[in-house]
Structures are given as C-alpha cells and as structure tokens.
file model_25.cif (mmCIF, C-alpha atoms)
data_work
loop_
_atom_site.group_PDB
_atom_site.id
_atom_site.type_symbol
_atom_site.label_atom_id
_atom_site.label_comp_id
_atom_site.auth_asym_id
_atom_site.auth_seq_id
_atom_site.Cartn_x
_atom_site.Cartn_y
_atom_site.Cartn_z
ATOM 1 C CA MET A 11 95.393 109.188 117.716
ATOM 2 C CA SER A 12 93.486 105.927 117.943
ATOM 3 C CA LYS A 13 94.236 103.337 115.310
ATOM 4 C CA GLU A 14 90.691 102.004 115.424
ATOM 5 C CA MET A 15 87.422 103.363 114.145
ATOM 6 C CA SER A 16 84.726 102.260 116.571
ATOM 7 C CA LYS A 17 81.860 103.210 114.273
ATOM 8 C CA GLU A 18 79.781 100.224 113.199
ATOM 9 C CA TYR A 19 79.230 99.729 109.461
ATOM 10 C CA VAL A 20 76.653 97.460 107.866
ATOM 11 C CA PHE A 21 76.495 96.461 104.197
ATOM 12 C CA GLU A 22 74.098 94.153 102.426
ATOM 13 C CA PHE A 23 74.862 92.060 99.360
ATOM 14 C CA VAL A 24 71.844 90.794 97.429
ATOM 15 C CA GLY A 25 72.671 87.219 96.540
ATOM 16 C CA THR A 26 74.266 84.213 98.193
ATOM 17 C CA LYS A 27 77.757 83.967 99.650
ATOM 18 C CA GLU A 28 78.640 81.882 96.601
ATOM 19 C CA ASN A 29 77.501 84.770 94.323
ATOM 20 C CA PHE A 30 79.701 87.157 96.322
ATOM 21 C CA LEU A 31 82.712 84.843 96.086
ATOM 22 C CA ASN A 32 82.118 84.506 92.320
ATOM 23 C CA ILE A 33 82.396 88.310 91.980
ATOM 24 C CA LEU A 34 85.687 88.169 93.876
ATOM 25 C CA SER A 35 87.015 85.352 91.686
ATOM 26 C CA THR A 36 86.864 87.647 88.636
ATOM 27 C CA LYS A 37 89.453 89.966 90.227
ATOM 28 C CA GLN A 38 93.226 89.695 90.268
ATOM 29 C CA ASN A 39 94.135 87.315 93.080
ATOM 30 C CA ALA A 40 96.970 85.528 94.823
ATOM 31 C CA SER A 41 97.317 82.939 97.578
ATOM 32 C CA TYR A 42 99.782 83.095 100.464
ATOM 33 C CA SER A 43 99.919 80.328 103.081
ATOM 34 C CA ASN A 44 96.282 79.702 104.053
ATOM 35 C CA ALA A 45 94.871 83.038 102.766
ATOM 36 C CA LYS A 46 93.543 84.160 99.394
ATOM 37 C CA PHE A 47 93.890 87.826 98.385
ATOM 38 C CA TYR A 48 91.880 89.781 95.787
ATOM 39 C CA TYR A 49 92.987 93.192 94.520
ATOM 40 C CA PHE A 50 90.816 96.179 93.491
ATOM 41 C CA SER A 51 92.838 99.259 92.496
ATOM 42 C CA ASN A 52 93.775 100.567 95.987
ATOM 43 C CA TYR A 53 91.899 97.938 97.993
ATOM 44 C CA MET A 54 92.386 94.329 98.995
ATOM 45 C CA VAL A 55 90.030 91.540 100.085
ATOM 46 C CA LYS A 56 91.470 88.674 102.103
ATOM 47 C CA ILE A 57 89.766 85.350 102.741
ATOM 48 C CA VAL A 58 91.124 83.218 105.567
ATOM 49 C CA ASP A 59 89.240 80.089 106.586
ATOM 50 C CA ASN A 60 85.638 81.293 106.806
ATOM 51 C CA THR A 61 86.309 85.029 107.297
ATOM 52 C CA ILE A 62 86.353 87.787 104.701
ATOM 53 C CA GLN A 63 88.428 90.887 105.477
ATOM 54 C CA PHE A 64 88.349 94.115 103.456
ATOM 55 C CA GLY A 65 91.548 96.196 103.305
ATOM 56 C CA VAL A 66 90.578 99.838 102.835
ATOM 57 C CA GLU A 67 93.775 101.785 103.543
ATOM 58 C CA ARG A 68 97.490 101.209 104.006
ATOM 59 C CA GLY A 69 98.833 102.056 107.421
ATOM 60 C CA GLY A 70 102.593 102.058 107.140
ATOM 61 C CA HIS A 71 105.060 99.569 105.734
ATOM 62 C CA SER A 72 103.251 96.365 106.638
ATOM 63 C CA GLY A 73 100.055 97.410 108.354
ATOM 64 C CA GLY A 74 96.701 98.721 107.302
ATOM 65 C CA TYR A 75 93.097 99.473 108.124
ATOM 66 C CA TRP A 76 90.725 96.562 107.615
ATOM 67 C CA PHE A 77 86.954 96.155 107.744
ATOM 68 C CA ILE A 78 86.610 92.755 109.407
ATOM 69 C CA PRO A 79 82.868 92.102 109.533
ATOM 70 C CA THR A 80 80.615 89.513 111.030
ATOM 71 C CA ILE A 81 78.888 87.829 108.094
ATOM 72 C CA THR A 82 75.233 86.883 108.455
ATOM 73 C CA GLU A 83 73.637 84.849 105.672
ATOM 74 C CA PHE A 84 69.925 85.109 104.925
ATOM 75 C CA ASP A 85 67.838 83.438 102.172
ATOM 76 C CA ASN A 86 69.173 85.423 99.228
ATOM 77 C CA ARG A 87 71.323 88.109 100.825
ATOM 78 C CA ILE A 88 74.378 88.529 103.009
ATOM 79 C CA GLU A 89 74.944 91.165 105.672
ATOM 80 C CA PHE A 90 78.430 92.377 106.590
ATOM 81 C CA SER A 91 78.606 94.255 109.907
ATOM 82 C CA GLY A 92 81.658 95.428 111.808
ATOM 83 C CA THR A 93 84.195 98.173 112.386
ATOM 84 C CA VAL A 94 87.405 99.269 110.681
ATOM 85 C CA LYS A 95 90.487 98.284 112.679
ATOM 86 C CA TYR A 96 94.219 98.746 112.315
ATOM 87 C CA ASN A 97 96.016 95.479 111.662
ATOM 88 C CA GLY A 98 99.779 95.655 111.777
ATOM 89 C CA PRO A 99 102.917 93.990 113.000
ATOM 90 C CA ILE A 100 103.590 93.403 116.692
ATOM 91 C CA ASP A 101 106.974 94.688 117.838
ATOM 92 C CA ASN A 102 108.518 92.156 120.211
ATOM 93 C CA ARG A 103 112.177 93.014 119.607
ATOM 94 C CA SER A 104 114.648 93.230 122.491
ATOM 95 C CA LYS A 105 115.911 96.623 123.664
ATOM 96 C CA SER A 106 119.351 96.108 122.092
ATOM 97 C CA LYS A 107 117.784 95.077 118.762
ATOM 98 C CA LYS A 108 115.674 98.266 118.792
ATOM 99 C CA VAL A 109 118.816 100.391 119.415
ATOM 100 C CA ILE A 110 120.643 98.709 116.508
ATOM 101 C CA ASP A 111 117.606 99.190 114.263
ATOM 102 C CA ASN A 112 117.444 102.883 115.237
ATOM 103 C CA ILE A 113 121.126 103.346 114.316
ATOM 104 C CA ILE A 114 120.490 101.719 110.923
ATOM 105 C CA CYS A 115 117.505 104.038 110.443
ATOM 106 C CA LEU A 116 119.716 107.057 111.144
ATOM 107 C CA LEU A 117 122.138 105.848 108.484
ATOM 108 C CA LEU A 118 119.218 105.510 106.057
ATOM 109 C CA LEU A 119 117.815 108.925 106.984
ATOM 110 C CA PRO A 120 118.865 110.638 103.713
ATOM 111 C CA ILE A 121 116.930 108.071 101.685
ATOM 112 C CA ILE A 122 113.948 108.420 104.011
ATOM 113 C CA LEU A 123 114.037 112.217 103.624
ATOM 114 C CA ILE A 124 114.123 111.953 99.835
ATOM 115 C CA PHE A 125 111.129 109.615 99.921
ATOM 116 C CA GLY A 126 109.316 112.007 102.279
ATOM 117 C CA LEU A 127 110.038 114.902 99.911
ATOM 118 C CA TYR A 128 108.638 112.829 97.024
ATOM 119 C CA GLN A 129 105.454 112.120 99.025
ATOM 120 C CA ALA A 130 105.080 115.825 99.877
ATOM 121 C CA ILE A 131 105.475 116.827 96.215
ATOM 122 C CA LYS A 132 102.977 114.139 95.203
ATOM 123 C CA TRP A 133 100.506 115.473 97.787
ATOM 124 C CA VAL A 134 100.920 119.061 96.525
ATOM 125 C CA VAL A 135 100.422 117.962 92.907
ATOM 126 C CA CYS A 136 97.253 116.078 93.888
ATOM 127 C CA LYS A 137 95.972 119.167 95.692
ATOM 128 C CA LEU A 138 96.787 121.401 92.728
ATOM 129 C CA LEU A 139 95.045 119.020 90.338
ATOM 130 C CA LYS A 140 92.163 118.850 92.831
ATOM 131 C CA LYS A 141 92.338 115.079 92.901
ATOM 132 C CA PRO A 142 89.952 114.152 95.710
ATOM 133 C CA GLN A 143 91.479 112.622 98.814
ATOM 134 C CA LEU A 144 89.005 110.123 100.217
ATOM 135 C CA THR A 145 88.639 109.552 103.936
ATOM 136 C CA ARG A 146 89.026 106.023 105.315
ATOM 137 C CA GLU A 147 85.229 105.803 105.628
ATOM 138 C CA GLU A 148 84.750 106.957 102.010
ATOM 139 C CA LYS A 149 87.271 104.337 100.887
ATOM 140 C CA LEU A 150 85.286 101.643 102.704
ATOM 141 C CA PHE A 151 82.067 102.841 101.023
ATOM 142 C CA ASP A 152 83.785 102.923 97.614
ATOM 143 C CA LEU A 153 85.099 99.362 97.960
ATOM 144 C CA MET A 154 81.894 97.852 99.295
ATOM 145 C CA GLU A 155 79.417 99.730 97.076
ATOM 146 C CA ASN A 156 81.228 100.518 93.822
ATOM 147 C CA HIS A 157 83.519 97.493 93.547
ATOM 148 C CA LEU A 158 81.594 94.735 95.334
ATOM 149 C CA GLY A 159 77.954 95.662 94.667
ATOM 150 C CA CYS A 160 76.879 95.989 98.308
ATOM 151 C CA ASN A 161 74.338 98.456 99.695
ATOM 152 C CA ARG A 162 74.999 100.542 102.787
ATOM 153 C CA LYS A 163 72.534 100.090 105.642
ATOM 154 C CA GLU A 164 71.919 102.519 108.469
ATOM 155 C CA VAL A 165 72.975 101.257 111.882
ATOM 156 C CA SER A 166 70.359 101.838 114.572
#

call {"tool": "encode", "arguments": {"input": "model_25.cif", "output": "structure tokens"}}
result
Amino acid sequence: MSKEMSKEYVFEFVGTKENFLNILSTKQNASYSNAKFYYFSNYMVKIVDNTIQFGVERGGHSGGYWFIPTITEFDNRIEFSGTVKYNGPIDNRSKSKKVIDNIICLLLLPIILIFGLYQAIKWVVCKLLKKPQLTREEKLFDLMENHLGCNRKEVS
C-alpha cells in the first residue's frame, strides 16, 4: 500500500496570509526548535520557516499524513495546493541494532497485544455506536473547511 496520496487538493482562504495566521494564533499552540505547532482536536498545523503543513492523520508512533501545500498569495485570498504525503522517521539503524530491537519487541509483545485488543474493542464500540470513521481525504476537508475557514476548489 502506498503511503502517499497523489491526488491534488486545492483550498482557498478569503483573506490575507496574516488573517490566516491570526486564526491559527487563537488555537492551542506550542513551539519546538524552529517550528510552531497548532492543535485542532485530531489535527495539527505546523509552521516551519515560510511553509505551513497540515497534519490530517496519525501514521504510527511518530509518523503521519500531512497536506504540505504550495501557498500562492493573491490580493485578498490565499490558495493552498498540494497532495497528502506520509511523513515519518527514517530507519538508518545497523543490522545488529535492528536484531536487538526485534528481541526487545518480542519481550514487549504481551503489552503490545493488550494494546491491540484495546484498539479492537474501541473500534467495535465505535462501529456499534455508529460513530463515523472519516477517510483521510474527509479529515483533510474537515480541517481545511470546518476548522480553518477555507473553501475547496475543483482541480482541473
């Protein structure tokens, strides 16, 4: 399964980049090294230098799916266009380190199984309560439209 969605998404924000950043500043935020993070329920927005990245879904322990758009500024509107990509850690461990880590994982297997059972029960409860499970694309639309006031544009 590919970890990248090649579909192009375009959103428009009516207002200046400063207006957009003011909306973000009203949200819970934190700074780490040279990045600023803003949190919206299950989503995250990260600003690094002059780029704005939109975290739409977790993808494991320390990875996730991010909408990393090209930002085009017009007179009184901004356009965000790009794709959703997986952004996660790069594994550059030696072979022996990987073997040791695998042995540790085997020792932790009971805890991992209990956590997996918890996740399965949580999933069943959500299904029984008919709590909607949004797709990655629906999560992107929810963040950009419902939380950040952007409008979806059709890509030609």

call {"tool": "atom_distance", "arguments": {"input": "model_25.cif", "atom1": "atom CA of Lys95 of chain A", "atom2": "atom CA of Phe125 of chain A"}}
result
26.8 Å

call {"tool": "closest_residue", "arguments": {"input": "model_25.cif", "among": "A:Leu117, A:Leu158, A:Val20, A:Ile57", "to": "Pro79 of chain A", "atoms": "all atoms listed in the file"}}
result
A:Val20

call {"tool": "closest_residue", "arguments": {"input": "model_25.cif", "among": "A:Leu31, A:Phe77, A:Ile100, A:Asn60", "to": "Phe151 of chain A", "atoms": "all atoms listed in the file"}}
result
A:Phe77

call {"tool": "resolve_selection", "arguments": {"input": "model_25.cif", "expression": "the PyMOL selection byres ((chain A and resi 21) around 9)", "output": "MDAnalysis selection string"}}
result
chainID A and resid 19:20 22:23 88:91 154:155 160:164

call {"tool": "write_last_selection", "arguments": {"input": "model_25.cif", "atoms": "C-alpha atoms", "output": "PDB file, keeping the file's coordinate frame"}}
result
ATOM      1  CA  TYR A  19      79.230  99.729 109.461  1.00  0.00           C
ATOM      2  CA  VAL A  20      76.653  97.460 107.866  1.00  0.00           C
ATOM      3  CA  GLU A  22      74.098  94.153 102.426  1.00  0.00           C
ATOM      4  CA  PHE A  23      74.862  92.060  99.360  1.00  0.00           C
ATOM      5  CA  ILE A  88      74.378  88.529 103.009  1.00  0.00           C
ATOM      6  CA  GLU A  89      74.944  91.165 105.672  1.00  0.00           C
ATOM      7  CA  PHE A  90      78.430  92.377 106.590  1.00  0.00           C
ATOM      8  CA  SER A  91      78.606  94.255 109.907  1.00  0.00           C
ATOM      9  CA  MET A 154      81.894  97.852  99.295  1.00  0.00           C
ATOM     10  CA  GLU A 155      79.417  99.730  97.076  1.00  0.00           C
ATOM     11  CA  CYS A 160      76.879  95.989  98.308  1.00  0.00           C
ATOM     12  CA  ASN A 161      74.338  98.456  99.695  1.00  0.00           C
ATOM     13  CA  ARG A 162      74.999 100.542 102.787  1.00  0.00           C
ATOM     14  CA  LYS A 163      72.534 100.090 105.642  1.00  0.00           C
ATOM     15  CA  GLU A 164      71.919 102.519 108.469  1.00  0.00           C
TER      16      GLU A 164
END

call {"tool": "atom_distance", "arguments": {"input": "model_25.cif", "atom1": "atom CA of Ile122 of chain A", "atom2": "atom CA of Ile110 of chain A"}}
result
17.2 Å

call {"tool": "resolve_selection", "arguments": {"input": "model_25.cif", "expression": "the PyMOL selection byres ((chain A and resi 149) around 12)", "output": "JSON, numbers by chain"}}
result
{"A": [50, 51, 52, 53, 54, 64, 65, 66, 67, 68, 75, 76, 77, 94, 142, 143, 144, 145, 146, 147, 148, 150, 151, 152, 153, 154, 155, 156, 157]}

call {"tool": "residues_near_point", "arguments": {"input": "model_25.cif", "point": "(97.2, 78.2, 106.0)", "cutoff": "9 Å", "atoms": "all atoms listed in the file", "output": "PyMOL selection string"}}
result
chain A and resi 42-45+58-59

call {"tool": "closest_residue", "arguments": {"input": "model_25.cif", "among": "A:Val55, A:Pro99, A:Phe84, A:Ile131", "to": "His71 of chain A", "atoms": "only C-alpha atoms"}}
result
A:Pro99

call {"tool": "closest_residue", "arguments": {"input": "model_25.cif", "among": "A:Lys105, A:Lys56, A:Lys137, A:Arg87", "to": "Val24 of chain A", "atoms": "all atoms listed in the file"}}
result
A:Arg87

call {"tool": "decode", "arguments": {"input": "model_25.cif", "residues": "segment 105-129 of chain A", "atoms": "N, CA, C and O atoms", "output": "mmCIF file, in the first residue's frame"}}
result
data_model
loop_
_atom_site.group_PDB
_atom_site.id
_atom_site.type_symbol
_atom_site.label_atom_id
_atom_site.label_comp_id
_atom_site.auth_asym_id
_atom_site.auth_seq_id
_atom_site.Cartn_x
_atom_site.Cartn_y
_atom_site.Cartn_z
ATOM 1 N N LYS A 105 22.252 -3.464 11.211
ATOM 2 C CA LYS A 105 21.567 -4.758 11.246
ATOM 3 C C LYS A 105 21.521 -5.313 12.673
ATOM 4 O O LYS A 105 20.494 -5.824 13.119
ATOM 5 N N SER A 106 22.613 -5.207 13.406
ATOM 6 C CA SER A 106 22.651 -5.744 14.771
ATOM 7 C C SER A 106 21.695 -4.961 15.686
ATOM 8 O O SER A 106 21.035 -5.547 16.547
ATOM 9 N N LYS A 107 21.602 -3.660 15.488
ATOM 10 C CA LYS A 107 20.689 -2.838 16.292
ATOM 11 C C LYS A 107 19.241 -3.239 16.016
ATOM 12 O O LYS A 107 18.417 -3.307 16.928
ATOM 13 N N LYS A 108 18.925 -3.535 14.744
ATOM 14 C CA LYS A 108 17.571 -3.976 14.394
ATOM 15 C C LYS A 108 17.247 -5.309 15.063
ATOM 16 O O LYS A 108 16.133 -5.502 15.547
ATOM 17 N N VAL A 109 18.217 -6.246 15.109
ATOM 18 C CA VAL A 109 18.004 -7.551 15.740
ATOM 19 C C VAL A 109 17.735 -7.362 17.237
ATOM 20 O O VAL A 109 16.802 -7.949 17.793
ATOM 21 N N ILE A 110 18.527 -6.529 17.896
ATOM 22 C CA ILE A 110 18.336 -6.261 19.324
ATOM 23 C C ILE A 110 16.968 -5.630 19.563
ATOM 24 O O ILE A 110 16.238 -6.022 20.481
ATOM 25 N N ASP A 111 16.596 -4.677 18.719
ATOM 26 C CA ASP A 111 15.285 -4.033 18.852
ATOM 27 C C ASP A 111 14.149 -5.035 18.657
ATOM 28 O O ASP A 111 13.130 -4.968 19.344
ATOM 29 N N ASN A 112 14.322 -5.977 17.719
ATOM 30 C CA ASN A 112 13.297 -7.006 17.500
ATOM 31 C C ASN A 112 13.159 -7.924 18.715
ATOM 32 O O ASN A 112 12.050 -8.325 19.073
ATOM 33 N N ILE A 113 14.266 -8.258 19.362
ATOM 34 C CA ILE A 113 14.215 -9.090 20.571
ATOM 35 C C ILE A 113 13.475 -8.346 21.681
ATOM 36 O O ILE A 113 12.621 -8.917 22.370
ATOM 37 N N ILE A 114 13.758 -7.063 21.843
ATOM 38 C CA ILE A 114 13.060 -6.255 22.850
ATOM 39 C C ILE A 114 11.575 -6.212 22.540
ATOM 40 O O ILE A 114 10.733 -6.326 23.439
ATOM 41 N N CYS A 115 11.237 -6.081 21.256
ATOM 42 C CA CYS A 115 9.814 -6.066 20.862
ATOM 43 C C CYS A 115 9.131 -7.380 21.227
ATOM 44 O O CYS A 115 7.976 -7.381 21.672
ATOM 45 N N LEU A 116 9.833 -8.497 21.033
ATOM 46 C CA LEU A 116 9.251 -9.793 21.398
ATOM 47 C C LEU A 116 8.987 -9.868 22.900
ATOM 48 O O LEU A 116 7.985 -10.440 23.332
ATOM 49 N N LEU A 117 9.886 -9.291 23.686
ATOM 50 C CA LEU A 117 9.692 -9.282 25.132
ATOM 51 C C LEU A 117 8.516 -8.393 25.523
ATOM 52 O O LEU A 117 7.848 -8.635 26.527
ATOM 53 N N LEU A 118 8.246 -7.369 24.721
ATOM 54 C CA LEU A 118 7.139 -6.453 24.989
ATOM 55 C C LEU A 118 5.844 -6.901 24.322
ATOM 56 O O LEU A 118 4.826 -6.214 24.434
ATOM 57 N N LEU A 119 5.880 -8.034 23.624
ATOM 58 C CA LEU A 119 4.719 -8.498 22.880
ATOM 59 C C LEU A 119 3.432 -8.586 23.707
ATOM 60 O O LEU A 119 2.373 -8.174 23.221
ATOM 61 N N PRO A 120 3.463 -9.067 24.953
ATOM 62 C CA PRO A 120 2.205 -9.107 25.716
ATOM 63 C C PRO A 120 1.561 -7.725 25.883
ATOM 64 O O PRO A 120 0.345 -7.587 25.747
ATOM 65 N N ILE A 121 2.368 -6.722 26.128
ATOM 66 C CA ILE A 121 1.839 -5.364 26.266
ATOM 67 C C ILE A 121 1.275 -4.886 24.935
ATOM 68 O O ILE A 121 0.199 -4.278 24.879
ATOM 69 N N ILE A 122 1.981 -5.195 23.862
ATOM 70 C CA ILE A 122 1.516 -4.803 22.524
ATOM 71 C C ILE A 122 0.187 -5.489 22.209
ATOM 72 O O ILE A 122 -0.732 -4.867 21.664
ATOM 73 N N LEU A 123 0.050 -6.749 22.561
ATOM 74 C CA LEU A 123 -1.201 -7.478 22.315
ATOM 75 C C LEU A 123 -2.361 -6.891 23.116
ATOM 76 O O LEU A 123 -3.480 -6.775 22.609
ATOM 77 N N ILE A 124 -2.096 -6.512 24.352
ATOM 78 C CA ILE A 124 -3.149 -5.898 25.169
ATOM 79 C C ILE A 124 -3.587 -4.581 24.546
ATOM 80 O O ILE A 124 -4.777 -4.293 24.446
ATOM 81 N N PHE A 125 -2.629 -3.779 24.093
ATOM 82 C CA PHE A 125 -2.964 -2.521 23.438
ATOM 83 C C PHE A 125 -3.756 -2.774 22.154
ATOM 84 O O PHE A 125 -4.725 -2.078 21.861
ATOM 85 N N GLY A 126 -3.354 -3.773 21.385
ATOM 86 C CA GLY A 126 -4.077 -4.128 20.160
ATOM 87 C C GLY A 126 -5.499 -4.562 20.460
ATOM 88 O O GLY A 126 -6.444 -4.203 19.740
ATOM 89 N N LEU A 127 -5.681 -5.328 21.546
ATOM 90 C CA LEU A 127 -7.022 -5.755 21.948
ATOM 91 C C LEU A 127 -7.855 -4.534 22.333
ATOM 92 O O LEU A 127 -9.031 -4.434 21.960
ATOM 93 N N TYR A 128 -7.263 -3.588 23.047
ATOM 94 C CA TYR A 128 -7.954 -2.352 23.411
ATOM 95 C C TYR A 128 -8.406 -1.607 22.160
ATOM 96 O O TYR A 128 -9.539 -1.137 22.078
ATOM 97 N N GLN A 129 -7.515 -1.484 21.165
ATOM 98 C CA GLN A 129 -7.852 -0.780 19.923
ATOM 99 C C GLN A 129 -8.988 -1.495 19.187
ATOM 100 O O GLN A 129 -9.878 -0.842 18.630
#
